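Undergrad: If it helps, the file is called upload_36.txt and holds compact mmCIF, C-alpha atoms and all ligand atoms:
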```txt
# COMPACT_ATOMS: atom_id res chain seq x y z
CA MET F 173 20.25 -13.63 -18.42
CA ASN F 174 18.28 -10.87 -20.17
CA TYR F 175 16.60 -7.74 -18.88
CA ILE F 176 13.13 -7.03 -20.24
CA VAL F 177 12.56 -3.30 -19.95
CA PHE F 178 8.87 -2.81 -20.61
CA ASP F 179 6.09 -0.28 -20.43
CA LEU F 180 2.32 -0.47 -20.84
CA GLU F 181 -0.39 1.97 -21.80
CA TRP F 182 -3.89 1.25 -20.51
CA ASN F 183 -7.41 2.58 -20.57
CA GLN F 184 -9.92 2.78 -17.73
CA SER F 185 -13.67 2.85 -17.51
CA PRO F 186 -15.02 5.72 -19.64
CA GLY F 187 -18.06 5.77 -17.34
CA GLY F 188 -15.93 6.48 -14.26
CA HIS F 189 -15.47 4.40 -11.13
CA VAL F 190 -19.11 3.25 -10.83
CA ARG F 191 -19.15 1.63 -14.26
CA GLU F 192 -15.74 -0.05 -13.99
CA ASN F 193 -15.16 -3.80 -13.95
CA PRO F 194 -13.40 -4.34 -10.59
CA LYS F 195 -11.55 -7.36 -11.97
CA ILE F 196 -9.86 -5.21 -14.59
CA PRO F 197 -9.92 -1.51 -13.68
CA PHE F 198 -7.09 -0.86 -16.17
CA GLU F 199 -7.25 -2.53 -19.56
CA ILE F 200 -3.91 -2.75 -21.39
CA LEU F 201 -3.89 -1.19 -24.87
CA GLU F 202 -0.20 -1.35 -25.73
CA ILE F 203 2.94 -3.24 -24.73
CA GLY F 204 6.39 -1.89 -25.54
CA ALA F 205 9.64 -3.56 -24.51
CA VAL F 206 13.38 -3.54 -25.04
CA LYS F 207 15.50 -6.61 -24.37
CA LEU F 208 18.97 -5.98 -22.92
CA ASN F 209 21.58 -8.65 -22.35
CA GLY F 210 23.56 -9.03 -19.11
CA ARG F 211 25.91 -6.27 -20.24
CA ARG F 212 22.90 -4.02 -20.86
CA LYS F 213 23.26 -3.99 -24.62
CA VAL F 214 20.04 -3.77 -26.66
CA VAL F 215 19.45 -7.14 -28.34
CA ASP F 216 15.78 -7.01 -29.35
CA GLN F 217 12.55 -5.06 -29.10
CA PHE F 218 8.82 -5.72 -28.90
CA HIS F 219 5.89 -3.49 -29.69
CA GLU F 220 2.23 -4.22 -30.21
CA THR F 221 -1.08 -2.40 -29.68
CA ILE F 222 -4.16 -4.22 -28.39
CA LYS F 223 -7.80 -4.18 -29.38
CA PRO F 224 -9.75 -3.74 -26.11
CA LEU F 225 -12.68 -5.99 -25.16
CA VAL F 226 -13.77 -4.48 -21.84
CA TYR F 227 -13.75 -0.69 -22.29
CA THR F 228 -14.40 0.06 -25.94
CA ARG F 229 -14.54 3.82 -25.50
CA MET F 230 -11.58 5.86 -24.33
CA ASN F 231 -11.69 7.39 -20.85
CA ARG F 232 -11.27 11.14 -21.30
CA TYR F 233 -8.27 11.36 -18.98
CA THR F 234 -6.59 8.45 -20.75
CA GLN F 235 -7.26 10.14 -24.07
CA LYS F 236 -5.27 13.13 -22.91
CA VAL F 237 -2.08 11.13 -22.27
CA VAL F 238 -2.01 8.23 -24.75
CA HIS F 239 -1.15 8.77 -28.41
CA MET F 240 -3.94 6.58 -29.75
CA ASP F 241 -7.67 6.49 -30.16
CA MET F 242 -10.04 3.57 -30.56
CA ARG F 243 -9.96 3.73 -34.37
CA ASP F 244 -6.21 3.03 -34.26
CA LEU F 245 -6.83 -0.17 -32.32
CA LYS F 246 -9.62 -1.74 -34.27
CA ASN F 247 -7.25 -3.83 -36.42
CA SER F 248 -4.97 -4.81 -33.53
CA ARG F 249 -4.98 -8.28 -31.97
CA THR F 250 -6.73 -8.75 -28.63
CA PHE F 251 -4.85 -9.10 -25.33
CA THR F 252 -4.62 -12.91 -25.20
CA PRO F 253 -2.58 -13.48 -28.40
CA VAL F 254 -0.47 -10.34 -27.81
CA ALA F 255 0.33 -11.30 -24.20
CA LYS F 256 1.23 -14.84 -25.28
CA SER F 257 3.58 -13.49 -27.95
CA PHE F 258 5.09 -11.09 -25.44
CA LEU F 259 5.69 -13.77 -22.77
CA LYS F 260 7.25 -16.06 -25.39
CA TRP F 261 9.45 -13.21 -26.62
CA CYS F 262 10.62 -12.53 -23.02
CA GLY F 263 12.25 -15.98 -22.87
CA LYS F 264 13.17 -18.00 -19.81
CA ASN F 265 13.83 -16.37 -16.42
CA PRO F 266 14.14 -12.78 -17.55
CA VAL F 267 14.60 -9.92 -15.12
CA PHE F 268 11.79 -7.42 -15.66
CA VAL F 269 12.65 -3.74 -15.47
CA THR F 270 9.98 -1.04 -15.17
CA TRP F 271 9.65 2.60 -14.24
CA GLY F 272 7.66 2.35 -10.98
CA PRO F 273 5.76 -0.67 -9.64
CA SER F 274 2.40 -0.42 -11.45
CA ASP F 275 3.20 -1.93 -14.88
CA LEU F 276 4.11 -5.37 -13.54
CA PHE F 277 1.02 -5.31 -11.30
CA GLU F 278 -1.38 -4.41 -14.13
CA LEU F 279 0.25 -6.90 -16.51
CA GLN F 280 -0.52 -9.68 -14.03
CA ARG F 281 -4.04 -8.43 -13.36
CA ASN F 282 -4.77 -8.47 -17.11
CA LEU F 283 -3.17 -11.93 -17.48
CA GLU F 284 -5.37 -13.22 -14.69
CA TYR F 285 -8.50 -11.64 -16.14
CA TYR F 286 -7.93 -13.49 -19.42
CA HIS F 287 -6.80 -16.71 -17.65
CA ILE F 288 -3.42 -16.65 -19.35
CA GLU F 289 -0.89 -18.96 -17.76
CA HIS F 290 2.54 -17.67 -16.90
CA ARG F 291 5.46 -18.95 -14.87
CA PHE F 292 6.55 -15.99 -12.80
CA PRO F 293 8.64 -17.06 -9.80
CA LYS F 294 7.54 -16.79 -6.17
CA PRO F 295 8.62 -14.39 -4.73
CA PHE F 296 8.64 -12.40 -7.94
CA LEU F 297 11.57 -9.94 -7.95
CA TYR F 298 12.04 -7.18 -10.48
CA VAL F 299 13.99 -3.98 -11.04
CA ASP F 300 12.09 -0.77 -10.37
CA LEU F 301 14.47 1.61 -12.13
CA GLN F 302 12.62 4.66 -10.78
CA LYS F 303 13.49 3.48 -7.27
CA LEU F 304 17.12 2.66 -8.18
CA TYR F 305 17.55 6.09 -9.73
CA SER F 306 16.27 7.65 -6.52
CA LEU F 307 18.60 5.47 -4.41
CA GLY F 308 21.59 6.35 -6.59
CA TYR F 309 20.97 10.01 -7.39
CA LEU F 310 18.26 11.40 -5.10
CA ASP F 311 17.19 10.79 -1.50
CA GLY F 312 15.94 7.24 -2.08
CA LYS F 313 12.35 8.28 -1.35
CA LYS F 314 11.48 10.61 -4.26
CA ARG F 315 9.97 9.05 -7.36
CA PRO F 316 10.85 11.26 -10.34
CA ALA F 317 8.89 11.20 -13.60
CA LEU F 318 10.53 9.49 -16.55
CA HIS F 319 10.84 12.68 -18.61
CA GLU F 320 12.55 14.49 -15.70
CA VAL F 321 15.28 11.86 -15.54
CA VAL F 322 15.64 11.74 -19.34
CA GLU F 323 16.21 15.47 -19.18
CA ALA F 324 18.59 15.29 -16.19
CA MET F 325 20.67 12.65 -17.98
CA ASN F 326 20.78 14.61 -21.26
CA ILE F 327 19.22 11.75 -23.21
CA PRO F 328 18.01 13.11 -26.60
CA GLN F 329 14.23 13.61 -26.41
CA ASP F 330 13.46 12.61 -29.97
CA ARG F 331 10.43 10.45 -29.14
CA PRO F 332 7.06 11.18 -27.54
CA PHE F 333 6.43 10.23 -23.91
CA HIS F 334 3.46 8.06 -22.78
CA ALA F 335 3.73 5.72 -25.72
CA ALA F 336 4.61 2.23 -24.50
CA PHE F 337 7.54 1.52 -26.77
CA ASP F 338 9.06 4.99 -26.42
CA ASP F 339 8.81 4.95 -22.63
CA ALA F 340 10.39 1.48 -22.56
CA TRP F 341 13.12 2.80 -24.86
CA TYR F 342 13.82 5.79 -22.59
CA THR F 343 13.84 3.52 -19.53
CA ALA F 344 16.35 1.24 -21.26
CA GLN F 345 18.56 4.23 -22.12
CA ILE F 346 18.53 5.34 -18.47
CA MET F 347 19.46 1.82 -17.42
CA ARG F 348 22.32 1.76 -19.90
CA GLN F 349 23.67 5.15 -18.96
CA MET F 350 23.22 5.20 -15.20
CA GLU F 351 26.66 5.28 -13.65
CA GLY F 352 27.20 3.09 -10.62
CA ILE F 353 24.10 1.03 -11.39
CA LYS F 354 25.76 -2.34 -10.81
CA PRO F 355 25.63 -2.41 -7.00
CA LEU F 356 22.13 -0.88 -7.16
CA LEU F 357 20.82 -3.72 -9.33
CA SER F 358 20.97 -6.04 -6.32
CA TYR F 359 18.18 -3.96 -4.71
CA LYS F 360 15.37 -5.81 -6.39
CA SER F 361 11.78 -4.88 -5.68
CA VAL F 362 9.18 -7.47 -4.70
CA ASP F 363 6.01 -7.76 -6.67
CA TYR F 364 2.92 -7.65 -4.42
CA TYR F 365 0.39 -8.95 -6.92
CA HIS F 366 0.75 -12.58 -5.86
CA LEU F 367 1.15 -12.56 -2.10
CA PRO F 368 2.12 -15.56 0.02
CA GLU F 369 -1.05 -17.66 0.30
CA LYS F 370 -0.17 -19.39 3.54
CA LYS F 371 2.16 -19.11 6.51
CA GLU F 372 4.80 -21.37 4.95
CA GLU F 373 5.00 -19.12 1.90
CA GLU F 374 5.83 -15.97 3.88
CA PHE F 375 9.40 -14.98 3.05
CA THR F 376 12.35 -12.81 4.04
CA LEU F 377 14.74 -11.36 1.47
CA ASN F 378 18.22 -10.39 2.60
CA PHE F 379 19.70 -7.39 0.85
CA LYS F 380 23.11 -5.93 1.55
CA THR F 381 21.91 -3.28 4.00
CA TYR F 382 18.48 -4.51 5.09
CA SER F 383 16.11 -7.45 5.16
CA LYS F 384 12.54 -7.45 3.95
CA PHE F 385 9.77 -9.78 5.12
CA VAL F 386 6.46 -10.15 3.26
CA SER F 387 3.50 -11.76 5.00
CA MET F 388 0.38 -13.51 3.79
CA LEU F 389 -2.98 -11.73 3.99
CA TYR F 390 -4.61 -11.27 7.39
CA PRO F 391 -8.21 -10.17 8.10
CA ASP F 392 -7.10 -6.92 9.76
CA LYS F 393 -4.18 -5.15 11.37
CA GLU F 394 -4.91 -6.50 14.87
CA ALA F 395 -4.78 -10.07 13.57
CA ALA F 396 -1.54 -9.36 11.67
CA MET F 397 0.14 -7.77 14.69
CA GLN F 398 -0.56 -10.89 16.77
CA GLU F 399 1.53 -13.09 14.49
CA ALA F 400 5.02 -14.02 15.69
CA SER F 401 6.31 -14.06 12.09
CA VAL F 402 5.20 -10.44 11.75
CA THR F 403 6.56 -9.04 15.01
CA ASP F 404 9.66 -11.25 15.20
CA LEU F 405 12.92 -9.23 15.33
CA LYS F 406 16.15 -10.78 14.04
CA CYS F 407 19.35 -9.03 12.96
CA ASN F 408 19.45 -8.52 9.19
CA ARG F 409 23.19 -9.21 9.14
CA CYS F 410 23.71 -12.17 11.45
CA GLY F 411 20.22 -13.52 12.08
CA ARG F 412 20.60 -13.32 15.87
CA PRO F 413 17.43 -12.56 17.86
CA LEU F 414 17.56 -8.88 18.78
CA GLU F 415 17.33 -7.37 22.23
CA VAL F 416 14.24 -5.14 22.13
CA LYS F 417 14.80 -1.58 23.38
CA ILE F 418 11.52 -0.09 22.17
CA ASP F 419 8.86 -2.63 21.24
CA TRP F 420 6.57 -2.17 18.22
CA PHE F 421 4.42 0.95 18.48
CA SER F 422 2.24 2.53 15.84
CA GLY F 423 2.98 5.85 14.16
CA THR F 424 0.43 8.48 13.13
CA GLY F 425 -2.25 7.06 10.87
CA GLY F 426 -1.81 3.54 12.24
CA SER F 427 -0.40 1.88 9.11
CA MET F 428 3.23 2.04 10.24
CA TYR F 429 4.86 0.42 13.26
CA TYR F 430 8.37 0.99 14.55
CA ALA F 431 10.74 -0.84 16.88
CA LEU F 432 14.26 -0.25 18.13
CA CYS F 433 16.60 -3.09 19.06
CA GLU F 434 20.19 -4.02 19.68
CA CYS F 435 22.27 -6.80 18.14
CA PRO F 436 25.03 -8.01 20.50
CA LYS F 437 27.41 -7.99 17.53
CA HIS F 438 26.11 -5.23 15.23
CA GLY F 439 24.71 -2.59 17.57
CA PRO F 440 21.47 -0.61 17.10
CA VAL F 441 18.94 -2.01 14.62
CA LYS F 442 15.57 -0.56 13.61
CA GLY F 443 12.42 -2.39 12.59
CA LYS F 444 9.65 -0.95 10.45
CA ILE F 445 6.31 -2.55 9.63
CA ARG F 446 4.15 -1.20 6.87
CA LEU F 447 0.60 -2.52 6.75
CA ARG F 448 -0.66 -2.59 3.21
CA LYS F 449 -4.13 -3.12 1.87
CA GLY F 450 -4.61 -6.33 -0.07
CA PRO F 451 -7.60 -7.01 -2.26
CA GLY F 452 -10.79 -6.35 -0.26
CA GLU F 453 -10.51 -5.56 3.44
CA GLU F 454 -7.52 -7.78 4.14
CA VAL F 455 -4.03 -6.52 4.95
CA PHE F 456 -0.49 -7.79 4.52
CA VAL F 457 2.73 -6.75 6.17
CA VAL F 458 6.05 -5.62 4.76
CA LYS F 459 8.64 -5.57 7.52
CA THR F 460 12.12 -4.16 7.03
CA ILE F 461 15.04 -4.51 9.42
CA LYS F 462 18.07 -2.31 9.05
CA ALA F 463 21.04 -0.95 11.03
CA ALA F 464 20.00 2.21 12.90
CA THR F 465 22.12 5.35 12.76
CA GLU F 466 22.21 7.79 15.71
CA GLN F 467 19.70 9.92 13.83
CA ASP F 468 17.41 6.88 13.39
CA VAL F 469 17.58 6.15 17.13
CA ALA F 470 16.65 9.78 17.92
CA ASP F 471 13.83 9.71 15.35
CA ILE F 472 12.32 6.51 16.72
CA GLU F 473 12.55 7.78 20.30
CA GLU F 474 10.79 10.96 19.23
CA ARG F 475 8.11 9.05 17.37
CA GLN F 476 7.55 6.85 20.40
CA GLN F 477 7.20 9.90 22.62
CA SER F 478 4.62 11.49 20.36
CA ALA F 479 2.81 8.13 20.10
CA GLN F 480 2.72 8.03 23.91
CA GLU F 481 1.43 11.60 24.03
CA ARG F 482 -1.25 10.74 21.51
CA ARG F 483 -2.23 7.75 23.61
CA HIS F 484 -2.37 9.88 26.78
CA LYS F 485 -4.45 12.52 25.06
CA ARG F 486 -6.81 9.86 23.77
CA ALA F 487 -7.07 8.32 27.25
CA GLU F 488 -7.68 11.74 28.79
CA LYS F 489 -10.38 12.51 26.26
CA GLU F 490 -11.97 9.15 26.95
CA ARG F 491 -11.87 9.81 30.73
CA ALA F 492 -13.41 13.26 30.23
CA ARG F 493 -16.10 11.78 28.04
CA ARG F 494 -16.89 9.10 30.60
CA LYS F 495 -17.01 11.70 33.37
CA ALA F 496 -19.35 13.90 31.34
CA ARG F 497 -21.56 10.92 30.59
CA LYS F 498 -21.67 9.99 34.27
CA ALA F 499 -22.54 13.57 35.24
CA ALA F 500 -25.27 13.72 32.61
CA LEU F 501 -26.69 10.43 33.84
CA ALA F 502 -26.64 11.64 37.46
CA ALA F 503 -28.38 14.88 36.47
CA GLU F 504 -30.99 12.88 34.57
CA ASN F 505 -31.59 10.59 37.55
CA LYS F 506 -31.89 13.58 39.87
CA GLN F 507 -34.42 15.10 37.50
CA LYS F 508 -36.38 11.87 37.42
CA ALA F 509 -36.34 11.57 41.21
CA LYS F 510 -37.56 15.15 41.52
CA ALA F 511 -40.32 14.48 39.03
CA ARG F 512 -41.31 11.38 40.97
CA ILE F 513 -41.52 13.31 44.26
CA THR F 514 -43.59 16.05 42.65
CA GLN F 515 -45.85 13.41 41.17
CA GLN F 516 -46.24 11.65 44.53
CA LYS F 517 -46.99 14.93 46.28
CA ALA F 518 -49.59 15.77 43.66
CA LYS F 519 -51.17 12.34 44.09
CA ARG F 520 -51.23 12.68 47.87
CA SER F 521 -52.81 16.11 47.73
CA ARG F 522 -55.40 14.82 45.27
CA SER F 523 -56.35 11.92 47.55
CA LYS F 524 -56.58 14.26 50.61
CA LYS F 525 -59.03 16.64 49.00
CA PRO F 526 -62.27 14.55 49.20
CA ASP F 527 -62.13 14.03 53.03
CA SER F 528 -60.89 17.52 53.83
CA ALA F 529 -63.78 19.25 52.07
CA PRO F 530 -66.79 17.95 53.99
CA LYS F 531 -65.17 18.59 57.40
CA GLY F 532 -66.37 21.52 59.36
CA ASN F 533 -69.89 20.75 58.38
CA LYS F 534 -71.84 21.51 61.47
CA LYS F 535 -74.72 19.27 60.51
CA GLY F 536 -75.38 16.99 63.47
CA GLU F 537 -74.53 19.59 66.17
ZN ZN C 601 23.76 -8.89 14.07
```
Translate the structure described by the file into structure tokens.
Ligand SMILES: [Zn+2]

TA:
Amino acid sequence: MNYIVFDLEWNQSPGGHVRENPKIPFEILEIGAVKLNGRRKVVDQFHETIKPLVYTRMNRYTQKVVHMDMRDLKNSRTFTPVAKSFLKWCGKNPVFVTWGPSDLFELQRNLEYYHIEHRFPKPFLYVDLQKLYSLGYLDGKKRPALHEVVEAMNIPQDRPFHAAFDDAWYTAQIMRQMEGIKPLLSYKSVDYYHLPEKKEEEFTLNFKTYSKFVSMLYPDKEAAMQEASVTDLKCNRCGRPLEVKIDWFSGTGGSMYYALCECPKHGPVKGKIRLRKGPGEEVFVVKTIKAATEQDVADIEERQQSAQERRHKRAEKERARRKARKAALAAENKQKAKARITQQKAKRSRSKKPDSAPKGNKKGE
């Protein structure tokens, strides 16, 4: 089994967002990769620049970071032959390694744009070394820049950054030199470019300390949260159905949901749902289930309390608004009634006038 550590450089619409092609917002200009064997020894390398076909002028922000301009690319091959060479060079069943999740996503978007066939597995797992570095050396949440880690690890900085091959090379060096990486390598990331297309394709991955479920696309969050597969709570270690202590409730912003449960064998377990935007308006769900520490239990209880308070405040506001509306309506009706009475009085007094005037005429006496 080989690791393919790769990096891409891409351009975007020089005319800004309005002039971009939504099918390919980022057009790949360069692929750089280093092949490592199972013992993380460098066995081969790949580097090629690409002549663009969609955006033929450089976006000014891109120009600032990439070490190329359009003149350098005019003799390069176009994406289709380069991508085919690259995929062939990768070999069978490689494990892709990237710094952050976007390179694998954009590679697939470009492959799809040019209708290039590939045989990536479903689910498609890869190594996000930026995440593993954070899990091993930082808090697990931070996402450090490549050059920061190169510096922290005292890797000689004898190459430029933001050039595809050099970034891939640095990433490979980090992978080779990271101590204690072996157990971390089991924490694969899931690619979200190709999502499950139907219910039967939804899947759960079991990692050592947590499980991760990825859903298909649903029209909106309400529809997603009605699905049993989405809200289902089973222990990540033994698969037993969990006893629900605090049922799913939404956090601030509405894209996260939390739950707290108990496994009869493993104790407190927490559930987290993250609603993510798919293409268009649709959403998909990433649900993780993990043992809950005392701190986690306290955090979830606190979150639930503030969610309840938010709900109460919202309800109170709604009640106040309804009351105000009712009062305004009543005042309006009163006004109308008053106007009607005044009108009627005026009418009556008008109709009285003609027969009151001639009276007292003493003609006929
Ligand atoms: Zn259990």

Undergrad: Please identify every polymer residue within 8 Å of ligand ZN 601 (chain C), using only C-alpha atoms and all ligand atoms, and present the set as a list of chain:residue names.

TA: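 Here is the list of contacting residues: F:Lys406, F:Cys407, F:Asn408, F:Arg409, F:Cys410, F:Gly411, F:Arg412, F:Leu414, F:Cys435, F:Pro436, F:Lys437, F:His438, F:Gly439.
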
Undergrad: Convert the current residue selection to file output with C-alpha atoms, as a compact mmCIF listing (two decimals), keeping the file's coordinate frame.

TA:
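See selection-v3.txt below for the written result:
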```txt
# COMPACT_ATOMS: atom_id res chain seq x y z
CA LYS F 406 16.15 -10.78 14.04
CA CYS F 407 19.35 -9.03 12.96
CA ASN F 408 19.45 -8.52 9.19
CA ARG F 409 23.19 -9.21 9.14
CA CYS F 410 23.71 -12.17 11.45
CA GLY F 411 20.22 -13.52 12.08
CA ARG F 412 20.60 -13.32 15.87
CA LEU F 414 17.56 -8.88 18.78
CA CYS F 435 22.27 -6.80 18.14
CA PRO F 436 25.03 -8.01 20.50
CA LYS F 437 27.41 -7.99 17.53
CA HIS F 438 26.11 -5.23 15.23
CA GLY F 439 24.71 -2.59 17.57
```

Undergrad: Quick one: of F:Leu225, F:Val469, F:Ala502, F:Leu447, who's nearest to F:Ile418, counting only C-alpha atoms?

TA: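 Distance minimum relative to F:Ile418 lands on F:Val469.
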
Undergrad: For F:Val458, which residue out of F:Pro368, F:Gly204, F:Pro440, F:Gly308 is the nearest one, using all atoms listed in the file?

TA: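 Distance minimum relative to F:Val458 lands on F:Pro368.
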
Undergrad: Write out as a list in words which residues come within 10 Å of F:Val402 when counting all atoms listed in the file, dropping same-chain ones fewer than 6 positions away.

TA: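 My reading of the contact set: Glu374, Phe385, Val386, Ser387, Met388, Ala396, Ile445, Phe456, Val457, Val458 and Lys459 of chain F.
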
Undergrad: Output the selection as a PDB file, keeping the file's coordinate frame - C-alpha atoms for each residue.

TA:
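Below is the file result24.pdb, written as the result:
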```pdb
ATOM      1  CA  GLU F 374       5.830 -15.970   3.880  1.00  0.00           C
ATOM      2  CA  PHE F 385       9.770  -9.780   5.120  1.00  0.00           C
ATOM      3  CA  VAL F 386       6.460 -10.150   3.260  1.00  0.00           C
ATOM      4  CA  SER F 387       3.500 -11.760   5.000  1.00  0.00           C
ATOM      5  CA  MET F 388       0.380 -13.510   3.790  1.00  0.00           C
ATOM      6  CA  ALA F 396      -1.540  -9.360  11.670  1.00  0.00           C
ATOM      7  CA  ILE F 445       6.310  -2.550   9.630  1.00  0.00           C
ATOM      8  CA  PHE F 456      -0.490  -7.790   4.520  1.00  0.00           C
ATOM      9  CA  VAL F 457       2.730  -6.750   6.170  1.00  0.00           C
ATOM     10  CA  VAL F 458       6.050  -5.620   4.760  1.00  0.00           C
ATOM     11  CA  LYS F 459       8.640  -5.570   7.520  1.00  0.00           C
TER      12      LYS F 459
END
```

Undergrad: Select, from F:Cys433, F:Met230, F:Ile288, F:Ala335, the residue with the minimum atom-to-atom distance to F:Gly187, counting only C-alpha atoms.

TA: F:Met230

Undergrad: Which is closest to F:Asp404 among F:Gly272, F:Thr250, F:Leu377, F:Ile461, if we use only C-alpha atoms?

TA: F:Ile461

Undergrad: Mind pulling up the distance from atom CA of F:Asp338 to atom CA of F:Pro197?

TA: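 Atom-to-atom, atom CA of F:Pro197 and atom CA of F:Asp338 are spaced 23.8 Å apart.
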
Undergrad: Select, from F:Glu220, F:Glu504, F:Glu415, F:Asp339, the residue with the minimum atom-to-atom distance to F:Glu434, counting all atoms listed in the file.

TA: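 Among F:Glu220, F:Glu504, F:Glu415, F:Asp339, it is F:Glu415 that comes nearest to F:Glu434.
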
Undergrad: Between atom CA of F:Gln329 and atom CA of F:Gln184, what is the distance, to one decimal in Å?

TA: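 Separation between atom CA of F:Gln329 and atom CA of F:Gln184: 27.9 Å.
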
Undergrad: The centre and edge lengths of an axis-aligned box containing all atoms of stretch 451-463 of chain F present in the file, extended by 5 Å on each side, are to be given in Å to one decimal, as AutoDock Vina command-line options.

TA:
```
--center_x 5.1 --center_y -4.4 --center_z 4.4 --size_x 41.8 --size_y 16.8 --size_z 23.3
```
